[in-house]
$ cat my_file-v6.cif   # mmCIF, C-alpha atoms
data_target
loop_
_atom_site.group_PDB
_atom_site.id
_atom_site.type_symbol
_atom_site.label_atom_id
_atom_site.label_comp_id
_atom_site.auth_asym_id
_atom_site.auth_seq_id
_atom_site.Cartn_x
_atom_site.Cartn_y
_atom_site.Cartn_z
ATOM 1 C CA MET L 1 13.844 22.560 -37.591
ATOM 2 C CA ASP L 2 10.791 20.884 -36.184
ATOM 3 C CA CYS L 3 12.198 17.730 -34.537
ATOM 4 C CA LYS L 4 9.130 15.718 -35.488
ATOM 5 C CA ASN L 5 9.784 16.306 -39.188
ATOM 6 C CA LYS L 6 13.516 15.731 -39.027
ATOM 7 C CA LYS L 7 14.536 12.426 -40.601
ATOM 8 C CA PRO L 8 18.046 11.378 -39.574
ATOM 9 C CA PRO L 9 20.367 10.080 -42.269
ATOM 10 C CA GLY L 10 22.124 6.765 -42.174
ATOM 11 C CA LYS L 11 21.734 3.107 -42.981
ATOM 12 C CA GLN L 12 18.077 2.249 -43.422
ATOM 13 C CA LEU L 13 16.045 -0.815 -42.559
ATOM 14 C CA ASN L 14 16.594 -3.853 -44.734
ATOM 15 C CA ASN L 15 14.470 -6.939 -45.145
ATOM 16 C CA LYS L 16 17.022 -9.455 -43.917
ATOM 17 C CA LYS L 17 15.312 -12.172 -41.885
ATOM 18 C CA PRO L 18 16.849 -12.836 -38.465
ATOM 19 C CA CYS L 19 17.776 -16.268 -37.171
ATOM 20 C CA GLY L 20 15.092 -18.432 -35.607
ATOM 21 C CA LYS L 21 14.381 -19.141 -31.925
ATOM 22 C CA THR L 22 11.336 -20.664 -30.359
ATOM 23 C CA TYR L 23 8.938 -20.192 -27.482
ATOM 24 C CA ASN L 24 6.683 -23.177 -26.720
ATOM 25 C CA ASN L 25 7.731 -24.624 -30.080
ATOM 26 C CA LYS L 26 6.607 -21.469 -31.879
ATOM 27 C CA PRO L 27 9.297 -19.578 -33.843
ATOM 28 C CA ILE L 28 10.826 -16.363 -32.605
ATOM 29 C CA THR L 29 13.551 -15.085 -34.925
ATOM 30 C CA LYS L 30 16.246 -13.995 -33.690
ATOM 31 C CA ALA L 31 32.614 7.892 -15.610
ATOM 32 C CA PRO L 32 33.656 11.136 -16.286
ATOM 33 C CA VAL L 33 33.368 13.609 -13.421
ATOM 34 C CA ALA L 34 29.890 15.057 -13.505
ATOM 35 C CA LYS L 35 29.312 18.706 -14.245
ATOM 36 C CA PRO L 36 26.732 20.541 -12.154
ATOM 37 C CA ILE L 37 23.281 20.001 -13.666
ATOM 38 C CA THR L 38 22.102 23.535 -14.326
ATOM 39 C CA ASN L 39 20.669 25.501 -17.223
ATOM 40 C CA LEU L 40 18.315 22.788 -18.442
ATOM 41 C CA LYS L 41 16.532 23.563 -21.689
ATOM 42 C CA ILE L 42 13.033 22.352 -22.537
ATOM 43 C CA ALA L 43 12.126 21.610 -26.158
ATOM 44 C CA ASN L 44 9.187 23.272 -27.850
ATOM 45 C CA PRO L 45 6.191 20.978 -27.314
ATOM 46 C CA ASN L 46 4.526 21.514 -30.726
ATOM 47 C CA SER L 47 1.047 21.826 -29.256
ATOM 48 C CA THR L 48 -1.753 22.899 -31.538
ATOM 49 C CA THR L 49 -2.506 26.291 -29.944
ATOM 50 C CA LEU L 50 -0.527 29.032 -28.230
ATOM 51 C CA GLU L 51 -2.551 28.604 -25.045
ATOM 52 C CA GLU L 52 -1.822 24.868 -24.960
ATOM 53 C CA ARG L 53 1.881 25.547 -25.469
ATOM 54 C CA LYS L 54 1.863 27.902 -22.497
ATOM 55 C CA ILE L 55 0.122 25.320 -20.324
ATOM 56 C CA ILE L 56 2.459 22.490 -21.335
ATOM 57 C CA ASN L 57 5.479 24.759 -20.784
ATOM 58 C CA LYS L 58 4.236 25.433 -17.281
ATOM 59 C CA MET L 59 4.414 21.720 -16.506
ATOM 60 C CA ASN L 60 7.754 21.403 -18.308
ATOM 61 C CA ASN L 61 9.211 23.991 -15.951
ATOM 62 C CA LYS L 62 8.176 21.797 -13.027
ATOM 63 C CA ILE L 63 9.777 18.814 -14.760
ATOM 64 C CA LYS L 64 12.999 20.752 -15.263
ATOM 65 C CA ASN L 65 13.316 21.647 -11.595
ATOM 66 C CA LYS L 66 12.566 18.158 -10.302
ATOM 67 C CA ILE L 67 14.907 16.440 -12.769
ATOM 68 C CA ILE L 68 17.801 18.320 -11.150
ATOM 69 C CA ASP L 69 17.019 16.789 -7.762
ATOM 70 C CA LYS L 70 15.647 13.376 -8.710
ATOM 71 C CA ILE L 71 17.480 12.197 -11.808
ATOM 72 C CA LYS L 72 20.941 13.777 -11.679
ATOM 73 C CA ASN L 73 22.581 10.702 -10.108
ATOM 74 C CA ASN L 74 21.662 8.606 -13.139
ATOM 75 C CA LEU L 75 23.075 11.252 -15.492
ATOM 76 C CA ILE L 76 26.594 11.338 -14.054
ATOM 77 C CA ASN L 77 28.000 9.199 -16.872
ATOM 78 C CA LEU L 78 25.725 10.652 -19.559
ATOM 79 C CA ILE L 79 25.802 14.445 -19.401
ATOM 80 C CA ASP L 80 29.084 14.750 -21.332
ATOM 81 C CA ARG L 81 27.740 12.621 -24.193
ATOM 82 C CA LYS L 82 25.476 13.494 -27.072
ATOM 83 C CA ILE L 83 22.456 11.186 -26.791
ATOM 84 C CA ASN L 84 19.171 11.085 -28.698
ATOM 85 C CA ILE L 85 16.391 8.908 -27.298
ATOM 86 C CA TYR L 86 13.406 8.225 -29.555
ATOM 87 C CA ILE L 87 10.278 6.775 -27.942
ATOM 88 C CA PHE L 88 7.699 4.854 -29.975
ATOM 89 C CA GLY L 89 4.379 3.363 -28.923
ATOM 90 C CA CYS L 90 0.843 4.310 -27.959
ATOM 91 C CA SER L 91 -0.270 7.170 -25.706
ATOM 92 C CA HIS L 92 0.948 5.310 -22.603
ATOM 93 C CA THR L 93 4.503 6.292 -23.587
ATOM 94 C CA LYS L 94 3.628 9.743 -22.252
ATOM 95 C CA CYS L 95 4.552 8.282 -18.860
ATOM 96 C CA PHE L 96 8.138 9.135 -19.878
ATOM 97 C CA ILE L 97 7.528 12.598 -21.295
ATOM 98 C CA ARG L 98 4.571 14.069 -23.119
ATOM 99 C CA ASP L 99 6.524 15.155 -26.213
ATOM 100 C CA SER L 100 10.173 16.239 -26.135
ATOM 101 C CA ILE L 101 12.753 17.458 -23.636
ATOM 102 C CA ASN L 102 16.434 18.435 -23.775
ATOM 103 C CA ILE L 103 18.824 18.018 -20.822
ATOM 104 C CA TYR L 104 22.269 19.244 -21.824
ATOM 105 C CA ASN L 105 23.206 16.939 -24.700
ATOM 106 C CA ILE L 106 20.482 14.404 -23.868
ATOM 107 C CA ASN L 107 17.523 14.833 -26.208
ATOM 108 C CA ILE L 108 14.341 12.806 -25.710
ATOM 109 C CA TYR L 109 11.712 12.742 -28.455
ATOM 110 C CA ASN L 110 8.369 11.021 -27.898
ATOM 111 C CA LYS L 111 6.983 9.987 -31.289
ATOM 112 C CA PHE L 112 3.908 8.187 -29.932
ATOM 113 C CA ILE L 113 0.670 7.768 -31.843
ATOM 114 C CA SER L 114 -2.490 7.426 -29.772
ATOM 115 C CA GLY L 115 -4.195 4.090 -30.294
ATOM 116 C CA ALA L 116 -1.165 2.480 -31.933
ATOM 117 C CA SER L 117 -1.326 -1.287 -31.573
ATOM 118 C CA LEU L 118 1.555 -3.739 -31.595
ATOM 119 C CA LEU L 119 -0.094 -5.695 -34.386
ATOM 120 C CA GLY L 120 -0.400 -2.562 -36.524
ATOM 121 C CA PHE L 121 3.224 -1.629 -35.849
ATOM 122 C CA THR L 122 4.460 -5.022 -37.073
ATOM 123 C CA ARG L 123 2.622 -4.663 -40.387
ATOM 124 C CA THR L 124 4.326 -2.950 -43.316
ATOM 125 C CA GLU L 125 0.923 -1.629 -44.345
ATOM 126 C CA SER L 126 -1.499 -0.410 -41.692
ATOM 127 C CA LYS L 127 -3.967 2.384 -41.087
ATOM 128 C CA LEU L 128 -1.473 4.428 -39.056
ATOM 129 C CA ASP L 129 1.534 3.428 -41.230
ATOM 130 C CA TYR L 130 3.556 3.519 -38.012
ATOM 131 C CA GLN L 131 6.238 1.037 -39.014
ATOM 132 C CA ASN L 132 7.201 3.085 -42.040
ATOM 133 C CA ILE L 133 7.263 6.247 -39.941
ATOM 134 C CA ILE L 134 9.571 4.576 -37.410
ATOM 135 C CA ASN L 135 11.806 3.180 -40.161
ATOM 136 C CA ASN L 136 12.793 6.738 -41.052
ATOM 137 C CA TYR L 137 14.255 7.248 -37.578
ATOM 138 C CA ILE L 138 16.257 4.021 -37.325
ATOM 139 C CA THR L 139 19.858 4.753 -38.338
ATOM 140 C CA ASN L 140 23.308 3.407 -37.501
ATOM 141 C CA ASP L 141 24.189 6.493 -35.443
ATOM 142 C CA ASN L 142 25.386 5.036 -32.121
ATOM 143 C CA THR L 143 24.325 8.184 -30.250
ATOM 144 C CA ASN L 144 20.707 7.212 -30.938
ATOM 145 C CA TYR L 145 18.649 4.998 -28.635
ATOM 146 C CA TYR L 146 15.203 3.639 -29.533
ATOM 147 C CA LEU L 147 12.624 2.812 -26.880
ATOM 148 C CA PHE L 148 9.595 0.725 -27.858
ATOM 149 C CA LYS L 149 6.491 0.417 -25.699
ATOM 150 C CA PHE L 150 3.777 -1.498 -27.552
ATOM 151 C CA GLY L 151 1.065 -3.981 -26.590
ATOM 152 C CA GLN L 152 -1.193 -2.029 -24.238
ATOM 153 C CA VAL L 153 -3.817 -1.439 -26.923
ATOM 154 C CA ASP L 154 -3.692 -5.081 -28.055
ATOM 155 C CA ILE L 155 -4.164 -6.574 -24.570
ATOM 156 C CA GLU L 156 -6.660 -4.051 -23.233
ATOM 157 C CA TYR L 157 -8.796 -3.478 -26.345
ATOM 158 C CA VAL L 158 -8.037 -5.547 -29.453
ATOM 159 C CA TYR L 159 -8.253 -8.820 -27.527
ATOM 160 C CA TYR L 160 -11.785 -8.038 -26.295
ATOM 161 C CA TYR L 161 -12.809 -6.767 -29.716
ATOM 162 C CA LYS L 162 -11.799 -10.097 -31.234
ATOM 163 C CA LEU L 163 -13.500 -12.004 -28.404
ATOM 164 C CA TYR L 164 -16.828 -10.156 -28.173
ATOM 165 C CA ILE L 165 -17.334 -8.399 -31.514
ATOM 166 C CA LEU L 166 -15.667 -10.780 -33.955
ATOM 167 C CA LYS L 167 -16.664 -13.813 -31.829
ATOM 168 C CA GLN L 168 -13.241 -15.403 -32.274
ATOM 169 C CA GLU L 169 -12.052 -18.251 -30.096
ATOM 170 C CA ILE L 170 -8.865 -16.819 -28.685
ATOM 171 C CA LYS L 171 -6.652 -17.761 -25.742
ATOM 172 C CA MET L 172 -4.663 -15.027 -24.074
ATOM 173 C CA GLU L 173 -1.326 -16.859 -23.845
ATOM 174 C CA GLU L 174 -1.399 -17.877 -27.505
ATOM 175 C CA TYR L 175 -2.446 -14.346 -28.420
ATOM 176 C CA CYS L 176 0.515 -12.891 -26.490
ATOM 177 C CA ILE L 177 2.988 -15.346 -28.015
ATOM 178 C CA ASP L 178 1.844 -14.550 -31.540
ATOM 179 C CA LEU L 179 2.124 -10.792 -30.963
ATOM 180 C CA ILE L 180 5.535 -11.085 -29.324
ATOM 181 C CA ASN L 181 6.820 -13.313 -32.145
ATOM 182 C CA LYS L 182 6.094 -10.502 -34.584
ATOM 183 C CA TYR L 183 7.455 -7.863 -32.200
ATOM 184 C CA ILE L 184 10.792 -9.616 -31.651
ATOM 185 C CA ARG L 185 11.307 -10.314 -35.354
ATOM 186 C CA LEU L 186 10.922 -6.636 -36.198
ATOM 187 C CA LEU L 187 13.112 -5.469 -33.308
ATOM 188 C CA LEU L 188 15.848 -7.868 -34.418
ATOM 189 C CA LYS L 189 15.743 -6.288 -37.866
ATOM 190 C CA TYR L 190 16.250 -2.892 -36.238
ATOM 191 C CA LYS L 191 19.159 -4.297 -34.229
ATOM 192 C CA THR L 192 20.979 -5.114 -37.474
ATOM 193 C CA ILE L 193 21.082 -1.349 -38.018
ATOM 194 C CA ASN L 194 21.494 -0.054 -34.470
ATOM 195 C CA ASN L 195 22.069 -2.174 -31.380
ATOM 196 C CA ASN L 196 20.605 0.460 -29.030
ATOM 197 C CA ILE L 197 17.109 -1.039 -28.928
ATOM 198 C CA ILE L 198 15.202 -0.909 -25.631
ATOM 199 C CA VAL L 199 11.788 -2.370 -24.804
ATOM 200 C CA CYS L 200 9.486 -1.229 -22.018
ATOM 201 C CA GLY L 201 6.755 -3.568 -20.810
ATOM 202 C CA LEU L 202 3.119 -2.711 -20.217
ATOM 203 C CA ASN L 203 1.526 -0.714 -17.404
ATOM 204 C CA LEU L 204 -1.247 -2.094 -15.260
ATOM 205 C CA CYS L 205 -4.669 -0.685 -16.044
ATOM 206 C CA ASN L 206 -6.346 2.245 -14.324
ATOM 207 C CA PHE L 207 -9.397 0.029 -14.051
ATOM 208 C CA LYS L 208 -12.357 2.303 -13.269
ATOM 209 C CA SER L 209 -11.593 4.617 -16.171
ATOM 210 C CA TYR L 210 -10.403 1.781 -18.385
ATOM 211 C CA ILE L 211 -13.576 -0.316 -18.173
ATOM 212 C CA LEU L 212 -15.732 2.695 -19.098
ATOM 213 C CA ASN L 213 -13.497 3.406 -22.072
ATOM 214 C CA LEU L 214 -13.511 -0.257 -23.143
ATOM 215 C CA ASN L 215 -17.298 -0.466 -23.072
ATOM 216 C CA ASN L 216 -17.489 2.771 -25.013
ATOM 217 C CA HIS L 217 -15.123 1.471 -27.702
ATOM 218 C CA LEU L 218 -16.985 -1.820 -28.026
ATOM 219 C CA ASN L 219 -20.373 -0.106 -27.799
ATOM 220 C CA MET L 220 -21.491 -2.774 -25.358
ATOM 221 C CA LYS L 221 -21.133 -3.633 -21.682
ATOM 222 C CA ILE L 222 -18.912 -6.616 -21.013
ATOM 223 C CA GLU L 223 -18.058 -8.377 -17.767
ATOM 224 C CA VAL L 224 -14.325 -7.933 -17.151
ATOM 225 C CA ASN L 225 -12.721 -7.771 -13.729
ATOM 226 C CA GLU L 226 -9.596 -5.889 -12.706
ATOM 227 C CA ASN L 227 -7.612 -8.936 -11.656
ATOM 228 C CA ASP L 228 -8.122 -10.673 -15.017
ATOM 229 C CA VAL L 229 -7.054 -7.606 -17.019
ATOM 230 C CA ASN L 230 -3.947 -7.048 -14.928
ATOM 231 C CA SER L 231 -3.091 -10.757 -15.060
ATOM 232 C CA ASN L 232 -3.190 -10.542 -18.868
ATOM 233 C CA LEU L 233 -0.902 -7.506 -18.856
ATOM 234 C CA LEU L 234 1.551 -9.250 -16.523
ATOM 235 C CA LEU L 235 1.493 -12.390 -18.672
ATOM 236 C CA PHE L 236 2.407 -10.331 -21.716
ATOM 237 C CA ASN L 237 5.292 -8.729 -19.811
ATOM 238 C CA LYS L 238 6.567 -12.084 -18.585
ATOM 239 C CA ILE L 239 6.708 -13.599 -22.071
ATOM 240 C CA LEU L 240 8.119 -10.412 -23.576
ATOM 241 C CA GLN L 241 10.866 -10.160 -20.957
ATOM 242 C CA LYS L 242 11.939 -13.763 -21.550
ATOM 243 C CA GLU L 243 12.117 -13.327 -25.309
ATOM 244 C CA CYS L 244 13.995 -10.036 -25.042
ATOM 245 C CA GLU L 245 16.567 -11.664 -22.772
ATOM 246 C CA GLN L 246 17.000 -14.602 -25.159
ATOM 247 C CA ASN L 247 17.508 -12.214 -28.075
ATOM 248 C CA ASN L 248 19.849 -9.791 -26.297
ATOM 249 C CA ILE L 249 17.313 -6.948 -26.274
ATOM 250 C CA ILE L 250 17.195 -4.656 -23.256
ATOM 251 C CA TYR L 251 13.882 -4.982 -21.386
ATOM 252 C CA PHE L 252 12.449 -3.220 -18.357
ATOM 253 C CA ASP L 253 9.064 -2.355 -16.922
ATOM 254 C CA LEU L 254 7.759 -0.208 -14.071
ATOM 255 C CA ILE L 255 5.538 -2.755 -12.317
ATOM 256 C CA LYS L 256 7.613 -2.768 -9.117
ATOM 257 C CA GLU L 257 7.765 1.017 -8.945
ATOM 258 C CA THR L 258 4.136 1.801 -9.748
ATOM 259 C CA THR L 259 2.029 -0.988 -8.203
ATOM 260 C CA GLU L 260 1.212 -2.598 -4.865
ATOM 261 C CA ILE L 261 -0.734 -5.570 -3.515
ATOM 262 C CA ASN L 262 -4.057 -4.420 -2.075
ATOM 263 C CA LYS L 263 -6.393 -7.026 -0.550
ATOM 264 C CA GLY L 264 -4.668 -9.753 -2.530
ATOM 265 C CA ILE L 265 -4.991 -7.895 -5.839
ATOM 266 C CA ILE L 266 -2.159 -6.096 -7.610
ATOM 267 C CA ARG L 267 -3.157 -2.503 -8.335
ATOM 268 C CA ILE L 268 -1.633 0.807 -9.370
ATOM 269 C CA LYS L 269 -0.377 2.875 -6.438
ATOM 270 C CA ASN L 270 -2.626 5.868 -5.747
ATOM 271 C CA GLU L 271 0.098 8.353 -6.686
ATOM 272 C CA PHE L 272 0.117 7.027 -10.273
ATOM 273 C CA ILE L 273 -3.652 6.809 -10.858
ATOM 274 C CA GLY L 274 -4.486 9.336 -13.561
ATOM 275 C CA TYR L 275 -7.633 11.294 -14.310
ATOM 276 C CA ASP L 276 -8.504 9.015 -17.208
ATOM 277 C CA TYR L 277 -7.363 5.487 -18.157
ATOM 278 C CA HIS L 278 -3.676 6.547 -18.284
ATOM 279 C CA TYR L 279 -1.197 6.957 -15.458
ATOM 280 C CA LYS L 280 -1.110 10.417 -13.912
ATOM 281 C CA GLY L 281 0.687 12.831 -16.211
ATOM 282 C CA ALA L 282 0.034 10.736 -19.319
ATOM 283 C CA GLU L 283 -3.652 11.578 -19.697
ATOM 284 C CA SER L 284 -5.228 12.766 -22.929
ATOM 285 C CA LYS L 285 -4.386 16.398 -23.629
ATOM 286 C CA THR L 286 -7.811 17.763 -22.679
ATOM 287 C CA THR L 287 -7.855 15.877 -19.366
ATOM 288 C CA TYR L 288 -4.211 16.703 -18.630
ATOM 289 C CA ILE L 289 -4.853 20.425 -19.037
ATOM 290 C CA GLN L 290 -8.067 20.252 -16.997
ATOM 291 C CA TYR L 291 -6.295 18.758 -13.973
ATOM 292 C CA LEU L 292 -2.901 20.420 -14.447
ATOM 293 C CA ASP L 293 -2.841 22.108 -11.044
ATOM 294 C CA LYS L 294 -3.557 18.768 -9.325
ATOM 295 C CA ASN L 295 -1.037 16.824 -11.376
ATOM 296 C CA ASP L 296 2.539 16.940 -10.031
ATOM 297 C CA SER L 297 3.481 14.419 -12.744
ATOM 298 C CA ASN L 298 5.741 12.279 -10.559
ATOM 299 C CA THR L 299 5.141 9.569 -13.159
ATOM 300 C CA HIS L 300 7.533 11.262 -15.593
ATOM 301 C CA PHE L 301 10.353 11.310 -13.072
ATOM 302 C CA VAL L 302 9.928 7.660 -12.077
ATOM 303 C CA PHE L 303 9.803 6.467 -15.692
ATOM 304 C CA LEU L 304 12.707 8.626 -16.883
ATOM 305 C CA ASN L 305 14.785 7.629 -13.877
ATOM 306 C CA LYS L 306 14.345 3.945 -14.769
ATOM 307 C CA LEU L 307 15.062 4.570 -18.454
ATOM 308 C CA PHE L 308 18.377 6.341 -17.781
ATOM 309 C CA LYS L 309 19.650 3.248 -15.977
ATOM 310 C CA PHE L 310 19.645 1.386 -19.308
ATOM 311 C CA ILE L 311 21.430 4.044 -21.368
ATOM 312 C CA LYS L 312 25.048 2.844 -21.377
#

$ encode --input "my_file-v6.cif" --output "structure tokens"
Amino acid sequence: MDCKNKKPPGKQLNNKKPCGKTYNNKPITKAPVAKPITNLKIANPNSTTLEERKIINKMNNKIKNKIIDKIKNNLINLIDRKINIYIFGCSHTKCFIRDSINIYNINIYNKFISGASLLGFTRTESKLDYQNIINNYITNDNTNYYLFKFGQVDIEYVYYYKLYILKQEIKMEEYCIDLINKYIRLLLKYKTINNNIIVCGLNLCNFKSYILNLNNHLNMKIEVNENDVNSNLLLFNKILQKECEQNNIIYFDLIKETTEINKGIIRIKNEFIGYDYHYKGAESKTTYIQYLDKNDSNTHFVFLNKLFKFIK
């Protein structure tokens, strides 16, 4: 069965409202012995053409070999368990894996939708209908884990659309708080069904490619500097981390692993700078295939390695 069309059974999302908490007076509702890691199996990537499947499989073979060396220590207590990890968010979730991968009984399914915003996800009716799609995967099966990585689109694009196109008066901190209020409320609803909810914070921006893409989306040239954009992304992460901790939701990000201070400015480390506005290995499909031979995709290993630390 195609894993993307499989809808797991179990208790479904209800509309119970969680208990209230506040941020700045605004409401937020509330080891077995390891076996040798061999014979890894890679899931079918469901690409649109046979040639694309062959190309993606080529990279998956590299992933398989490096996982044995780089990630096995974090799998010692996991490889004897059946675990399904579902990843939801925008295209930046491809930093973990581009689609799906199986490692013994550990199955990882990336159900991202390119361009998915946090605001759209929190709405029961939206253009992408992403919340209703995700609802079908949330069950009370305790072998399932759900990773959410939303907000990149909202901070990097929607904010500037509201500011420059809609001419709205909008302050970044208030904007972040409002988004995170909605985010936490929905995640708490999911936690009433399954407690295995994990949140990943935002990446810093690959600025040179990002600013070109932003201007293209807005159909105008705007003056935005790298430090301001990254400061906004870090602010979002800071507020999100605090609210996750207060609501007993697992939170992590990859800022420490993927960035450095360069001339007083925090930037992505060179090894993670992709060939478009994503991190290396998470680029759009066309770009990813174009630069495949130059892309060792270390990003996947770093992100997966961090994720496995939070699977208990």

$ resolve_selection --input "my_file-v6.cif" --expression "the PyMOL selection byres ((chain L and resi 200-210) around 7)" --output "number ranges by chain"
L: 148-149, 151-152, 198-199, 211-214, 226, 230, 233, 237, 251-253, 255, 268, 273, 276-278

$ axis_aligned_box --input "my_file-v6.cif" --around "stretch 196-204 of chain L" --padding-each-side "3 Å" --output "JSON"
{"center_x": 9.7, "center_y": -1.6, "center_z": -22.1, "size_x": 27.9, "size_y": 10.0, "size_z": 19.8}

$ closest_residue --input "my_file-v6.cif" --among "L:Ile83, L:Leu50, L:Ile138, L:Ile184" --to "L:Glu245" --atoms "only C-alpha atoms"
L:Ile184

$ resolve_selection --input "my_file-v6.cif" --expression "the PyMOL selection byres ((chain L and resi 86-98) around 6)" --output "MDAnalysis selection string"
chainID L and resid 85 99 109:116 146:150 282 299:300 303:304

$ closest_residue --input "my_file-v6.cif" --among "L:Tyr161, L:Tyr130, L:Tyr137, L:Phe236" --to "L:Asn216" --atoms "only C-alpha atoms"
L:Tyr161

$ residues_around --input "my_file-v6.cif" --residues "L:Glu271" --least-positions-apart "4" --cutoff "9 Å" --atoms "all atoms listed in the file" --output "PyMOL selection string"
chain L and resi 258+279-280+298-299

$ resolve_selection --input "my_file-v6.cif" --expression "the PyMOL selection byres ((chain L and resi 106) around 12)" --output "ChimeraX atom specification"
/L:37,40-43,75-86,100-105,107-109,143-145,304,308,311

$ write_last_selection --input "my_file-v6.cif" --atoms "C-alpha atoms" --output "CSV table (one decimal), keeping the file's coordinate frame"
chain,number,residue,atom,x,y,z
L,37,ILE,CA,23.3,20.0,-13.7
L,40,LEU,CA,18.3,22.8,-18.4
L,41,LYS,CA,16.5,23.6,-21.7
L,42,ILE,CA,13.0,22.4,-22.5
L,43,ALA,CA,12.1,21.6,-26.2
L,75,LEU,CA,23.1,11.3,-15.5
L,76,ILE,CA,26.6,11.3,-14.1
L,77,ASN,CA,28.0,9.2,-16.9
L,78,LEU,CA,25.7,10.7,-19.6
L,79,ILE,CA,25.8,14.4,-19.4
L,80,ASP,CA,29.1,14.8,-21.3
L,81,ARG,CA,27.7,12.6,-24.2
L,82,LYS,CA,25.5,13.5,-27.1
L,83,ILE,CA,22.5,11.2,-26.8
L,84,ASN,CA,19.2,11.1,-28.7
L,85,ILE,CA,16.4,8.9,-27.3
L,86,TYR,CA,13.4,8.2,-29.6
L,100,SER,CA,10.2,16.2,-26.1
L,101,ILE,CA,12.8,17.5,-23.6
L,102,ASN,CA,16.4,18.4,-23.8
L,103,ILE,CA,18.8,18.0,-20.8
L,104,TYR,CA,22.3,19.2,-21.8
L,105,ASN,CA,23.2,16.9,-24.7
L,107,ASN,CA,17.5,14.8,-26.2
L,108,ILE,CA,14.3,12.8,-25.7
L,109,TYR,CA,11.7,12.7,-28.5
L,143,THR,CA,24.3,8.2,-30.2
L,144,ASN,CA,20.7,7.2,-30.9
L,145,TYR,CA,18.6,5.0,-28.6
L,304,LEU,CA,12.7,8.6,-16.9
L,308,PHE,CA,18.4,6.3,-17.8
L,311,ILE,CA,21.4,4.0,-21.4

$ closest_residue --input "my_file-v6.cif" --among "L:Phe272, L:Tyr164, L:Leu240, L:Lys127" --to "L:Glu223" --atoms "only C-alpha atoms"
L:Tyr164

$ atom_distance --input "my_file-v6.cif" --atom1 "atom CA of L:Asn135" --atom2 "atom CA of L:Ile180"
19.0 Å

$ atom_distance --input "my_file-v6.cif" --atom1 "atom CA of L:Lys221" --atom2 "atom CA of L:Ile170"
19.3 Å

$ atom_distance --input "my_file-v6.cif" --atom1 "atom CA of L:Asn248" --atom2 "atom CA of L:Asp178"
19.3 Å

$ closest_residue --input "my_file-v6.cif" --among "L:Asn196, L:Glu283, L:Arg185, L:Ser126" --to "L:Phe310" --atoms "only C-alpha atoms"
L:Asn196
